[in-house]
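The data block below is my_file.txt; it holds compact mmCIF, C-alpha atoms.
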# COMPACT_ATOMS: atom_id res chain seq x y z
CA MET A 22 -30.39 51.05 15.64
CA SER A 23 -27.55 53.51 15.23
CA MET A 24 -26.93 55.56 12.12
CA THR A 25 -23.75 53.68 11.32
CA SER A 26 -25.50 50.32 11.71
CA GLU A 27 -28.26 51.44 9.36
CA LEU A 28 -25.71 52.73 6.86
CA GLN A 29 -23.89 49.40 7.01
CA GLU A 30 -27.15 47.66 6.16
CA LEU A 31 -27.45 50.01 3.19
CA GLY A 32 -23.99 48.93 2.01
CA ALA A 33 -21.71 51.59 3.50
CA ASP A 34 -18.28 50.34 4.54
CA VAL A 35 -18.29 51.94 7.97
CA ASN A 36 -15.16 50.09 9.07
CA ASP A 37 -13.23 51.57 6.14
CA ALA A 38 -14.59 55.03 6.92
CA MET A 39 -13.68 54.73 10.58
CA GLN A 40 -10.08 53.98 9.62
CA ARG A 41 -10.08 57.06 7.39
CA PHE A 42 -11.51 59.12 10.26
CA MET A 43 -8.99 57.66 12.73
CA ASN A 44 -11.78 55.87 14.62
CA ASN A 45 -13.38 59.20 15.52
CA ALA A 46 -17.07 58.24 15.30
CA SER A 47 -18.17 61.74 16.26
CA LEU A 48 -16.24 63.30 13.37
CA TYR A 49 -17.51 60.67 10.93
CA GLU A 50 -21.11 61.27 11.97
CA ARG A 51 -20.61 65.04 11.70
CA MET A 52 -19.30 64.65 8.16
CA LEU A 53 -22.16 62.31 7.30
CA GLY A 54 -24.50 65.02 8.58
CA LYS A 55 -23.28 67.30 5.80
CA LEU A 56 -24.01 64.77 3.06
CA PRO A 57 -27.72 65.56 2.51
CA ALA A 58 -26.99 69.26 1.92
CA THR A 59 -24.08 68.41 -0.38
CA ILE A 60 -26.30 66.12 -2.46
CA LYS A 61 -28.94 68.84 -2.70
CA ASP A 62 -26.34 71.49 -3.56
CA LYS A 63 -24.76 69.38 -6.32
CA PRO A 64 -27.64 68.18 -8.48
CA VAL A 65 -26.76 65.98 -11.41
CA MET A 66 -30.06 64.97 -12.99
CA GLU A 67 -31.21 68.49 -13.82
CA PHE A 68 -27.94 69.24 -15.60
CA ILE A 69 -28.05 65.99 -17.58
CA GLU A 70 -31.63 66.77 -18.59
CA SER A 71 -30.79 70.36 -19.56
CA GLY A 72 -27.78 69.24 -21.58
CA ASP A 73 -25.20 70.95 -19.33
CA ILE A 74 -22.93 67.94 -19.24
CA THR A 75 -19.93 69.90 -17.97
CA THR A 76 -21.77 70.88 -14.78
CA ALA A 77 -23.27 67.39 -14.48
CA ILE A 78 -19.75 65.94 -14.58
CA GLU A 79 -18.45 68.46 -12.03
CA ASN A 80 -21.32 67.80 -9.62
CA ALA A 81 -21.19 64.01 -10.05
CA HIS A 82 -17.41 64.07 -9.54
CA THR A 83 -17.79 66.09 -6.33
CA LEU A 84 -20.41 63.68 -5.02
CA LYS A 85 -18.27 60.70 -6.00
CA GLY A 86 -15.41 62.09 -3.91
CA VAL A 87 -17.56 62.88 -0.88
CA LEU A 88 -19.28 59.49 -1.02
CA GLY A 89 -15.93 57.76 -1.39
CA ASN A 90 -14.47 59.57 1.60
CA LEU A 91 -17.51 58.62 3.67
CA SER A 92 -17.40 55.03 2.31
CA VAL A 93 -21.01 55.10 1.17
CA THR A 94 -19.95 52.41 -1.26
CA PRO A 95 -23.09 51.75 -3.35
CA LEU A 96 -23.52 55.44 -4.15
CA TYR A 97 -19.79 55.94 -4.65
CA LYS A 98 -19.77 53.14 -7.24
CA ALA A 99 -22.85 54.56 -8.98
CA TYR A 100 -21.42 58.08 -9.18
CA THR A 101 -18.09 56.71 -10.41
CA GLU A 102 -19.96 55.02 -13.25
CA ILE A 103 -22.03 58.16 -13.90
CA VAL A 104 -18.90 60.32 -14.17
CA ASN A 105 -17.27 57.83 -16.52
CA LEU A 106 -20.36 57.62 -18.73
CA LEU A 107 -20.73 61.39 -18.89
CA ARG A 108 -17.07 61.73 -19.83
CA GLN A 109 -17.63 59.13 -22.55
CA ASP A 110 -20.50 61.27 -23.87
CA ASP A 111 -23.21 58.79 -22.87
CA PRO A 112 -25.66 60.93 -20.88
CA VAL A 113 -28.56 58.55 -21.59
CA LYS A 114 -26.85 55.64 -19.81
CA ALA A 115 -25.57 57.98 -17.07
CA LYS A 116 -29.14 59.12 -16.45
CA GLU A 117 -30.28 55.48 -16.23
CA ILE A 118 -27.64 54.71 -13.60
CA LEU A 119 -28.57 57.85 -11.69
CA GLU A 120 -32.26 56.91 -11.75
CA GLU A 121 -31.36 53.45 -10.45
CA CYS A 122 -29.33 54.83 -7.54
CA LEU A 123 -31.76 57.55 -6.45
CA PRO A 124 -33.86 55.25 -4.21
CA MET A 125 -30.70 54.20 -2.36
CA GLN A 126 -29.59 57.82 -2.17
CA GLU A 127 -32.94 58.76 -0.61
CA LYS A 128 -32.59 55.93 1.94
CA VAL A 129 -29.10 57.14 2.90
CA ILE A 130 -30.31 60.74 3.23
CA ALA A 131 -33.33 59.67 5.29
CA CYS A 132 -31.10 57.61 7.59
CA ILE A 133 -28.74 60.50 8.16
CA GLU A 134 -31.46 63.10 8.66
CA LYS A 135 -33.36 60.83 11.06
CA ASN A 136 -30.27 60.38 13.21
CA GLN A 137 -29.12 64.00 13.35
Go ahead and render the structure in this file as structure tokens.
Amino acid sequence: MSMTSELQELGADVNDAMQRFMNNASLYERMLGKLPATIKDKPVMEFIESGDITTAIENAHTLKGVLGNLSVTPLYKAYTEIVNLLRQDDPVKAKEILEECLPMQEKVIACIEKNQ
């Protein structure tokens, strides 16, 4: 099974992404290949737990944008909600949403890393 097929099964809107990437599958897959490092470089949980909400918002907002551009829809929706909750000063609920989406995030990362 191809990476894009696996991502579709995980809820990514590959057709939407392909339109954004002008049907250049190679470019899309290259950009997907950068996602695991971006997620690792922009942690959110540790900043929520340490009380650095400003950095948590910045990192979650960055990830939301990257995930949206790549049409990894389930994670995009989760990070959109996380950003909104953090901005509304509800880090407890934001942390809950983040904890709920982490298994999906790990599946997406594993799929990408396996196919690189």
- Fewer than 5 positions away in the same chain doesn't count, so skip those; otherwise give me all residues within 9 Å of Glu70 (chain A), counting all atoms listed in the file, as an NGL selection string. :A and (65 or 112 or 116)
- Message: Ranking A:Lys63, A:Arg51, A:Arg108, A:Lys128 by minimum distance to Glu30 (chain A) and counting all atoms listed in the file, which one comes first?
- Response: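 When distances to Glu30 (chain A) are compared using all atoms listed in the file, the smallest one comes from A:Lys128.
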- Find, counting only C-alpha atoms, the residue in A:Ala38, A:Cys122, A:Leu28, A:Leu96 that gets nearest to Met66 (chain A).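 Among the listed residues, A:Cys122 lies closest to Met66 (chain A).
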- Tell me which of A:Val129, A:Ala81, A:Leu56, A:Ala33 sits closest to Phe68 (chain A), counting all atoms listed in the file.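 Closest to Phe68 (chain A) of all the choices is A:Ala81.
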- Residue among A:Gln137, A:Gln29, A:Ser47, A:Gln109 lying closest to Val93 (chain A), counting all atoms listed in the file: A:Gln29
- Message: At a cut-off of 12 Å, using only C-alpha atoms, what residues contact Asp62 (chain A)? Leave out same-chain residues fewer than 6 positions from it and give the result as a ChimeraX atom specification.
- Response: /A:55-56,79-81,83-84
- Item | Atom pair CA of Val35 (chain A) / CA of Lys114 (chain A): separation (Å) |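 Atom-to-atom, CA of Val35 (chain A) and CA of Lys114 (chain A) are spaced 29.3 Å apart.
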- Lys98 (chain A) environment, 9 Å, all atoms listed in the file, sequence neighbours closer than 3 positions dropped, as a PyMOL selection string: chain A and resi 85+88-89+93-95+101-103
- Counting all atoms listed in the file, find the residues whose atoms lie at most 10 Å from (-31.0, 59.6, 5.0) (file coordinates) and write them out as a PyMOL selection string. chain A and resi 24+27-28+53-54+56-57+125-137
- Quick one: distance from CA of Gly32 (chain A) to CA of Ile60 (chain A) in Å, one decimal?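 If I compute the distance from CA of Gly32 (chain A) to CA of Ile60 (chain A), I get 17.9 Å.
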Around (-18.2, 54.7, 16.2) in the file's frame, which residues reach within 12 Å when counting all atoms listed in the file? Return as a PDB file with C-alpha atoms, keeping the file's coordinate frame?
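Output contents, as saved in selection08.pdb:
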ATOM      1  CA  SER A  23     -27.550  53.510  15.230  1.00  0.00           C
ATOM      2  CA  MET A  24     -26.930  55.560  12.120  1.00  0.00           C
ATOM      3  CA  THR A  25     -23.750  53.680  11.320  1.00  0.00           C
ATOM      4  CA  SER A  26     -25.500  50.320  11.710  1.00  0.00           C
ATOM      5  CA  VAL A  35     -18.290  51.940   7.970  1.00  0.00           C
ATOM      6  CA  ASN A  36     -15.160  50.090   9.070  1.00  0.00           C
ATOM      7  CA  ASP A  37     -13.230  51.570   6.140  1.00  0.00           C
ATOM      8  CA  ALA A  38     -14.590  55.030   6.920  1.00  0.00           C
ATOM      9  CA  MET A  39     -13.680  54.730  10.580  1.00  0.00           C
ATOM     10  CA  GLN A  40     -10.080  53.980   9.620  1.00  0.00           C
ATOM     11  CA  PHE A  42     -11.510  59.120  10.260  1.00  0.00           C
ATOM     12  CA  MET A  43      -8.990  57.660  12.730  1.00  0.00           C
ATOM     13  CA  ASN A  44     -11.780  55.870  14.620  1.00  0.00           C
ATOM     14  CA  ASN A  45     -13.380  59.200  15.520  1.00  0.00           C
ATOM     15  CA  ALA A  46     -17.070  58.240  15.300  1.00  0.00           C
ATOM     16  CA  SER A  47     -18.170  61.740  16.260  1.00  0.00           C
ATOM     17  CA  LEU A  48     -16.240  63.300  13.370  1.00  0.00           C
ATOM     18  CA  TYR A  49     -17.510  60.670  10.930  1.00  0.00           C
ATOM     19  CA  GLU A  50     -21.110  61.270  11.970  1.00  0.00           C
ATOM     20  CA  ARG A  51     -20.610  65.040  11.700  1.00  0.00           C
TER      21      ARG A  51
END
- Query: To one decimal place, how far is CA of Ile74 (chain A) from CA of Leu106 (chain A) in Å?
  - Reply: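 Distance reported for this atom pair: 10.6 Å.
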- Message: Nearest residue to Glu120 (chain A) out of A:Thr76, A:His82, A:Ile69, A:Asn105, using all atoms listed in the file?
- Response: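 Of the candidates, the smallest distance to Glu120 (chain A) is held by A:Ile69.
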Put the listed atoms of region 98-110 of chain A in a box along x, y and z with 6 Å added on every side and give me the centre and edge lengths in Å to one decimal, as lines of an AutoDock Vina configuration file.
center_x = -20.0
center_y = 57.4
center_z = -15.6
size_x = 17.8
size_y = 20.6
size_z = 28.6
- Message: Let me make sure I understand: among A:Met52, A:Ala77, A:Leu31, A:Leu123, which one has the smallest atom-to-atom distance to Asn90 (chain A) if we use only C-alpha atoms?
- Response: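 Nearest to Asn90 (chain A): A:Met52.
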